[in-house]
Amino acid sequence: MTAPTLTDFIDPAVRDSVTGFLASVETELLVAVASPDPLVGEVAAHLVHAGGKRFRPLTVALCAQLGDPGRPELLPSAVLMELTHLATLYHDDVMDEAPLRRGAASANSRWSNKLAVYVGDFLLARAAQMAAGLGDEAVRLQARTLSQLVRGQLAETVGPRGADPIRFHLRAVEDKTASLIATSARFGGLFSGLPARHVETLAEFGTAIGIAFQLSDDLLDIASESEQSGKTPGTDLREGVPTLPMLYALAADDTGADVRRLKELLSAGPIVDDVLHAEALGLLRESAALKQARETVHGYAAAARRSAGTLPDGAARRTLESLCHFIADRTG
């Protein structure tokens, strides 16, 4: 059976508008990454062609349904959000020395680290140009968001350094991932003509659903037998990337044999041995830590749903609420 997608949960009354908008985003992304230099253009289009969830443009489109979704500023605002996101992927892959991205060779492995970094910078410049065309408020918001995003990336790189690892991780997720989604929600409200109070509510919604979205992806990496998360299950374990279920497992007070063994495996760093990896993945899937992480996702999704519930009733609000249910339910 085919796994449900985000667009399956869009209310029929707004579905055509949203899907049409997302189709236009795809077209405009290719226009935005074009360059007079054929090599730069090829590398810049690499991740656009690789696809992706397009969650940030989707957030713009869904939130815009509360106002006038036909306003011309909405499309460039969605494109600049996705360009900013794509730029961070180029940079992340260089820092992580990742060979793959979205099932294809990463730009750094196919070309070079230097070229991947420069193309990431090129995409950020394109995003800044688009923000400038939307006015001072868009420039301010994009700059603030990029600053928050970089802060999250720096935090993830240097680690908690004595801070509570779980709180530190959740803050890093908010900065690195949810900041872009919150600004996407804000742009959807702002450029569709909503009053300021609704724009602020949408930003709160975007922060909560953005955290839930990232955490649910991390849970799918552990819990899914398929490749719903866009990567082979257990990739984070193999690479030593600390995600919320792992952090809960390491912090567990339980002294049972399975918990002690799981802590031992997780404390060793990246688990590259296939036998040990399978053991750790099996223990984590059966652990209380995974259930605790699911509850955390549900908590953020519920917070997003509460924010959405204060917005004007109608198909747009129902879709935002359905999105919250989808994000929570996809983790089991």
# chains A, B, ... in the order shown; residues from 1 in each chain; ligands from 1
call {"tool": "select_by_dssp", "arguments": {"residues": "range 89-158 of chain A", "states": "strand (DSSP E or B)", "output": "JSON, numbers by chain"}}
result
{"A": [100, 101, 104, 105]}
call {"tool": "residues_around", "arguments": {"residues": "Phe191 in chain A", "least_positions_apart": "4", "cutoff": "10 Å", "atoms": "only C-alpha atoms", "output": "list in words"}}
result
Val60, Cys63, Ala64, Gly67, Asp68, Pro69, Gly70, Arg71, Pro72, Glu73, Leu74, Leu75, Ser77, Leu134, Ala138, Arg186, Phe187 and Val199 of chain A
call {"tool": "write_last_selection", "arguments": {"atoms": "all heavy atoms", "output": "compact mmCIF listing (two decimals), in the first residue's frame"}}
result
# COMPACT_ATOMS: atom_id res chain seq x y z
N VAL A 60 3.88 27.73 3.42
CA VAL A 60 3.46 29.04 2.88
C VAL A 60 2.10 28.91 2.23
O VAL A 60 1.18 29.72 2.49
CB VAL A 60 4.49 29.56 1.85
CG1 VAL A 60 3.97 30.86 1.20
CG2 VAL A 60 5.84 29.82 2.50
N CYS A 63 -0.86 28.22 4.80
CA CYS A 63 -1.19 29.39 5.63
C CYS A 63 -1.80 30.51 4.80
O CYS A 63 -2.65 31.27 5.29
CB CYS A 63 0.06 29.87 6.36
SG CYS A 63 0.67 28.67 7.58
N ALA A 64 -1.40 30.62 3.54
CA ALA A 64 -1.96 31.66 2.67
C ALA A 64 -3.43 31.44 2.39
O ALA A 64 -4.15 32.39 2.03
CB ALA A 64 -1.18 31.70 1.36
N GLY A 67 -5.96 33.76 3.89
CA GLY A 67 -6.15 35.09 3.35
C GLY A 67 -6.44 35.02 1.87
O GLY A 67 -7.30 34.25 1.42
N ASP A 68 -5.70 35.80 1.10
CA ASP A 68 -5.84 35.80 -0.36
C ASP A 68 -4.67 35.04 -0.96
O ASP A 68 -3.56 35.58 -1.08
CB ASP A 68 -5.86 37.24 -0.89
CG ASP A 68 -5.93 37.31 -2.41
OD1 ASP A 68 -6.01 36.23 -3.06
OD2 ASP A 68 -5.91 38.43 -2.96
N PRO A 69 -4.87 33.77 -1.34
CA PRO A 69 -3.76 32.95 -1.83
C PRO A 69 -3.27 33.31 -3.22
O PRO A 69 -2.29 32.73 -3.70
CB PRO A 69 -4.33 31.54 -1.81
CG PRO A 69 -5.80 31.73 -2.01
CD PRO A 69 -6.14 33.01 -1.31
N GLY A 70 -3.93 34.26 -3.85
CA GLY A 70 -3.54 34.65 -5.20
C GLY A 70 -2.59 35.84 -5.25
O GLY A 70 -2.18 36.27 -6.33
N ARG A 71 -2.20 36.37 -4.11
CA ARG A 71 -1.32 37.53 -4.10
C ARG A 71 0.07 37.18 -4.66
O ARG A 71 0.61 36.12 -4.35
CB ARG A 71 -1.19 38.11 -2.69
CG ARG A 71 -2.47 38.78 -2.22
CD ARG A 71 -2.21 39.66 -1.02
NE ARG A 71 -3.38 40.43 -0.66
CZ ARG A 71 -3.40 41.38 0.27
NH1 ARG A 71 -2.28 41.68 0.93
NH2 ARG A 71 -4.50 42.05 0.55
N PRO A 72 0.62 38.07 -5.47
CA PRO A 72 1.86 37.72 -6.19
C PRO A 72 3.09 37.55 -5.31
O PRO A 72 4.05 36.90 -5.72
CB PRO A 72 2.04 38.90 -7.16
CG PRO A 72 1.28 40.04 -6.55
CD PRO A 72 0.10 39.40 -5.86
N GLU A 73 3.10 38.12 -4.11
CA GLU A 73 4.28 38.02 -3.25
C GLU A 73 4.47 36.61 -2.67
O GLU A 73 5.56 36.26 -2.23
CB GLU A 73 4.18 39.02 -2.08
CG GLU A 73 4.10 40.47 -2.49
CD GLU A 73 2.67 40.95 -2.67
OE1 GLU A 73 1.75 40.08 -2.75
OE2 GLU A 73 2.45 42.17 -2.71
N LEU A 74 3.42 35.83 -2.67
CA LEU A 74 3.49 34.52 -2.02
C LEU A 74 4.45 33.56 -2.70
O LEU A 74 5.22 32.86 -2.04
CB LEU A 74 2.08 33.90 -1.94
CG LEU A 74 1.16 34.57 -0.92
CD1 LEU A 74 -0.29 34.20 -1.19
CD2 LEU A 74 1.56 34.17 0.50
N LEU A 75 4.43 33.52 -4.03
CA LEU A 75 5.27 32.57 -4.75
C LEU A 75 6.77 32.85 -4.50
O LEU A 75 7.50 31.91 -4.12
CB LEU A 75 4.95 32.58 -6.23
CG LEU A 75 5.72 31.58 -7.10
CD1 LEU A 75 5.53 30.15 -6.59
CD2 LEU A 75 5.25 31.69 -8.56
N SER A 77 8.10 34.32 -2.02
CA SER A 77 8.41 34.08 -0.60
C SER A 77 8.59 32.59 -0.34
O SER A 77 9.47 32.17 0.43
CB SER A 77 7.31 34.66 0.30
OG SER A 77 6.14 33.87 0.30
N LEU A 134 10.81 41.70 -2.17
CA LEU A 134 9.55 41.67 -1.42
C LEU A 134 9.46 42.78 -0.37
O LEU A 134 8.43 42.93 0.28
CB LEU A 134 9.40 40.31 -0.73
CG LEU A 134 9.17 39.12 -1.68
CD1 LEU A 134 9.29 37.80 -0.92
CD2 LEU A 134 7.81 39.23 -2.35
N ALA A 138 10.47 41.50 4.55
CA ALA A 138 10.93 40.18 4.11
C ALA A 138 12.43 40.04 4.31
O ALA A 138 12.92 38.98 4.72
CB ALA A 138 10.56 39.95 2.64
N ARG A 186 4.76 32.43 8.62
CA ARG A 186 4.59 33.89 8.75
C ARG A 186 4.44 34.53 7.38
O ARG A 186 3.58 35.40 7.17
CB ARG A 186 5.79 34.47 9.49
CG ARG A 186 5.64 35.94 9.84
CD ARG A 186 6.90 36.47 10.49
NE ARG A 186 7.13 35.94 11.81
CZ ARG A 186 6.59 36.46 12.92
NH1 ARG A 186 5.77 37.49 12.84
NH2 ARG A 186 6.87 35.93 14.10
N PHE A 187 5.27 34.12 6.41
CA PHE A 187 5.16 34.67 5.06
C PHE A 187 3.79 34.37 4.46
O PHE A 187 3.20 35.21 3.78
CB PHE A 187 6.24 34.08 4.16
CG PHE A 187 7.58 34.77 4.25
CD1 PHE A 187 8.72 34.17 3.73
CD2 PHE A 187 7.72 36.01 4.83
CE1 PHE A 187 9.95 34.79 3.80
CE2 PHE A 187 8.95 36.66 4.90
CZ PHE A 187 10.07 36.04 4.38
N VAL A 199 -1.00 36.53 11.81
CA VAL A 199 0.36 36.24 11.35
C VAL A 199 1.21 35.73 12.51
O VAL A 199 1.97 34.76 12.36
CB VAL A 199 1.00 37.50 10.72
CG1 VAL A 199 2.47 37.24 10.37
CG2 VAL A 199 0.23 37.91 9.47
call {"tool": "closest_residue", "arguments": {"among": "A:Glu137, A:Asp16, A:Glu82, A:Asp164", "to": "Leu29 in chain A", "atoms": "only C-alpha atoms"}}
result
A:Glu82
call {"tool": "residues_around", "arguments": {"residues": "Gly282 in chain A", "least_positions_apart": "6", "cutoff": "12 Å", "atoms": "only C-alpha atoms", "output": "list of chain:residue names"}}
result
A:Ile222, A:Ala223, A:Ser224, A:Glu225, A:Pro233, A:Gly234, A:Leu237, A:Asp258, A:Val259, A:Arg261, A:Leu262, A:Leu265, A:Val275, A:Leu276, A:Leu290
call {"tool": "residues_around", "arguments": {"residues": "Ala178 in chain A", "least_positions_apart": "5", "cutoff": "12 Å", "atoms": "only C-alpha atoms", "output": "MDAnalysis selection string"}}
result
chainID A and resid 55:56 59 85 145:146 148:149 152 170:173 183:185 203:215 300 304
call {"tool": "write_last_selection", "arguments": {"atoms": "N, CA, C and O atoms", "output": "short mmCIF file (atom, residue, chain, number, x, y, z; two decimals), in the first residue's frame"}}
result
data_model
loop_
_atom_site.label_atom_id
_atom_site.label_comp_id
_atom_site.auth_asym_id
_atom_site.auth_seq_id
_atom_site.Cartn_x
_atom_site.Cartn_y
_atom_site.Cartn_z
N PHE A 55 8.35 21.00 2.25
CA PHE A 55 7.50 21.32 3.39
C PHE A 55 7.40 22.82 3.64
O PHE A 55 6.36 23.31 4.07
N ARG A 56 8.47 23.54 3.35
CA ARG A 56 8.44 24.98 3.59
C ARG A 56 7.52 25.71 2.61
O ARG A 56 6.67 26.49 3.03
N THR A 59 4.01 24.93 3.58
CA THR A 59 3.56 25.71 4.73
C THR A 59 3.12 27.10 4.30
O THR A 59 2.08 27.61 4.76
N HIS A 85 16.63 26.69 2.50
CA HIS A 85 16.72 25.31 2.99
C HIS A 85 17.71 24.50 2.15
O HIS A 85 18.57 23.79 2.70
N THR A 145 15.91 34.79 10.34
CA THR A 145 15.75 33.34 10.25
C THR A 145 17.09 32.67 9.96
O THR A 145 17.43 31.65 10.57
N LEU A 146 17.85 33.26 9.05
CA LEU A 146 19.15 32.68 8.71
C LEU A 146 20.09 32.72 9.92
O LEU A 146 20.83 31.76 10.17
N GLN A 148 19.17 32.57 13.07
CA GLN A 148 18.71 31.53 13.98
C GLN A 148 19.11 30.15 13.48
O GLN A 148 19.54 29.28 14.26
N LEU A 149 19.01 29.95 12.19
CA LEU A 149 19.37 28.67 11.58
C LEU A 149 20.86 28.36 11.80
O LEU A 149 21.22 27.24 12.18
N GLY A 152 21.55 27.34 15.30
CA GLY A 152 21.21 25.94 15.53
C GLY A 152 22.25 25.00 14.98
O GLY A 152 22.59 23.99 15.62
N LEU A 170 16.42 19.91 21.70
CA LEU A 170 15.16 20.49 21.27
C LEU A 170 15.33 21.95 20.84
O LEU A 170 14.71 22.40 19.88
N ARG A 171 16.20 22.67 21.53
CA ARG A 171 16.45 24.06 21.14
C ARG A 171 17.17 24.10 19.79
O ARG A 171 16.88 24.96 18.94
N ALA A 172 18.12 23.19 19.58
CA ALA A 172 18.82 23.15 18.30
C ALA A 172 17.87 22.82 17.16
O ALA A 172 17.97 23.40 16.07
N VAL A 173 16.93 21.92 17.39
CA VAL A 173 15.92 21.59 16.37
C VAL A 173 15.06 22.82 16.07
O VAL A 173 14.75 23.10 14.91
N THR A 183 8.97 30.88 9.74
CA THR A 183 9.00 32.02 8.83
C THR A 183 8.16 31.74 7.58
O THR A 183 7.51 32.65 7.04
N SER A 184 8.15 30.50 7.12
CA SER A 184 7.30 30.14 5.99
C SER A 184 5.83 30.37 6.34
O SER A 184 5.06 30.91 5.53
N ALA A 185 5.44 29.98 7.54
CA ALA A 185 4.06 30.20 7.99
C ALA A 185 3.78 31.70 8.10
O ALA A 185 2.70 32.18 7.70
N ALA A 203 3.00 32.02 13.03
CA ALA A 203 4.42 31.83 13.35
C ALA A 203 4.56 30.86 14.53
O ALA A 203 5.45 29.99 14.53
N GLU A 204 3.69 30.99 15.53
CA GLU A 204 3.69 30.05 16.66
C GLU A 204 3.36 28.64 16.17
O GLU A 204 4.00 27.66 16.58
N PHE A 205 2.37 28.55 15.31
CA PHE A 205 2.01 27.26 14.72
C PHE A 205 3.21 26.67 13.98
O PHE A 205 3.52 25.48 14.14
N GLY A 206 3.89 27.49 13.19
CA GLY A 206 5.02 27.02 12.39
C GLY A 206 6.17 26.51 13.25
O GLY A 206 6.80 25.51 12.91
N THR A 207 6.43 27.18 14.36
CA THR A 207 7.49 26.71 15.25
C THR A 207 7.16 25.34 15.82
O THR A 207 7.99 24.42 15.79
N ALA A 208 5.94 25.18 16.33
CA ALA A 208 5.56 23.91 16.95
C ALA A 208 5.50 22.78 15.93
O ALA A 208 6.02 21.68 16.17
N ILE A 209 4.90 23.04 14.77
CA ILE A 209 4.78 21.96 13.78
C ILE A 209 6.15 21.68 13.16
O ILE A 209 6.45 20.55 12.76
N GLY A 210 7.03 22.69 13.11
CA GLY A 210 8.37 22.48 12.59
C GLY A 210 9.19 21.56 13.47
O GLY A 210 9.92 20.69 12.98
N ILE A 211 9.09 21.75 14.78
CA ILE A 211 9.80 20.85 15.71
C ILE A 211 9.23 19.44 15.60
O ILE A 211 9.97 18.46 15.51
N ALA A 212 7.90 19.34 15.58
CA ALA A 212 7.27 18.02 15.46
C ALA A 212 7.67 17.33 14.16
O ALA A 212 7.92 16.12 14.15
N PHE A 213 7.75 18.10 13.09
CA PHE A 213 8.11 17.55 11.78
C PHE A 213 9.51 16.95 11.80
O PHE A 213 9.73 15.82 11.35
N GLN A 214 10.48 17.67 12.36
CA GLN A 214 11.85 17.17 12.41
C GLN A 214 11.97 15.97 13.34
O GLN A 214 12.61 14.97 13.00
N LEU A 215 11.36 16.06 14.51
CA LEU A 215 11.43 14.95 15.45
C LEU A 215 10.77 13.69 14.88
O LEU A 215 11.25 12.57 15.08
N TYR A 300 4.19 18.43 20.71
CA TYR A 300 4.41 19.58 19.83
C TYR A 300 3.31 19.68 18.77
O TYR A 300 2.87 20.79 18.42
N ALA A 304 0.76 22.85 18.15
CA ALA A 304 0.49 23.46 16.84
C ALA A 304 -1.01 23.46 16.56
O ALA A 304 -1.57 24.44 16.03
#
call {"tool": "residues_around", "arguments": {"residues": "Thr201 in chain A", "least_positions_apart": "5", "cutoff": "9 Å", "atoms": "only C-alpha atoms", "output": "list in words"}}
result
Arg186, Ala196, Gly206, Ser307, Ala308, Thr310 and Leu311 of chain A
call {"tool": "write_last_selection", "arguments": {"atoms": "C-alpha atoms", "output": "short mmCIF file (atom, residue, chain, number, x, y, z; two decimals), in the first residue's frame"}}
result
data_model
loop_
_atom_site.label_atom_id
_atom_site.label_comp_id
_atom_site.auth_asym_id
_atom_site.auth_seq_id
_atom_site.Cartn_x
_atom_site.Cartn_y
_atom_site.Cartn_z
CA ARG A 186 4.59 33.89 8.75
CA ALA A 196 -0.96 40.93 12.41
CA GLY A 206 5.02 27.02 12.39
CA SER A 307 -2.57 27.53 17.73
CA ALA A 308 -4.40 26.60 14.53
CA THR A 310 -7.64 29.99 17.28
CA LEU A 311 -7.62 30.95 13.58
#
call {"tool": "closest_residue", "arguments": {"among": "A:Gln142, A:Thr243, A:Gln153, A:Ser106", "to": "Ala44 in chain A", "atoms": "only C-alpha atoms"}}
result
A:Ser106
call {"tool": "select_by_dssp", "arguments": {"residues": "range 19-197 of chain A", "states": "helix (DSSP H, G or I)", "output": "PyMOL selection string"}}
result
chain A and resi 19-32+38-50+55-64+74-96+107-110+113-134+136-158+165-190+196-197
call {"tool": "atom_distance", "arguments": {"atom1": "CA of Ala268 in chain A", "atom2": "CA of Ala280 in chain A"}}
result
11.2 Å
call {"tool": "closest_residue", "arguments": {"among": "A:Lys53, A:Arg144, A:His91, A:Arg126", "to": "Asp175 in chain A", "atoms": "only C-alpha atoms"}}
result
A:Arg144
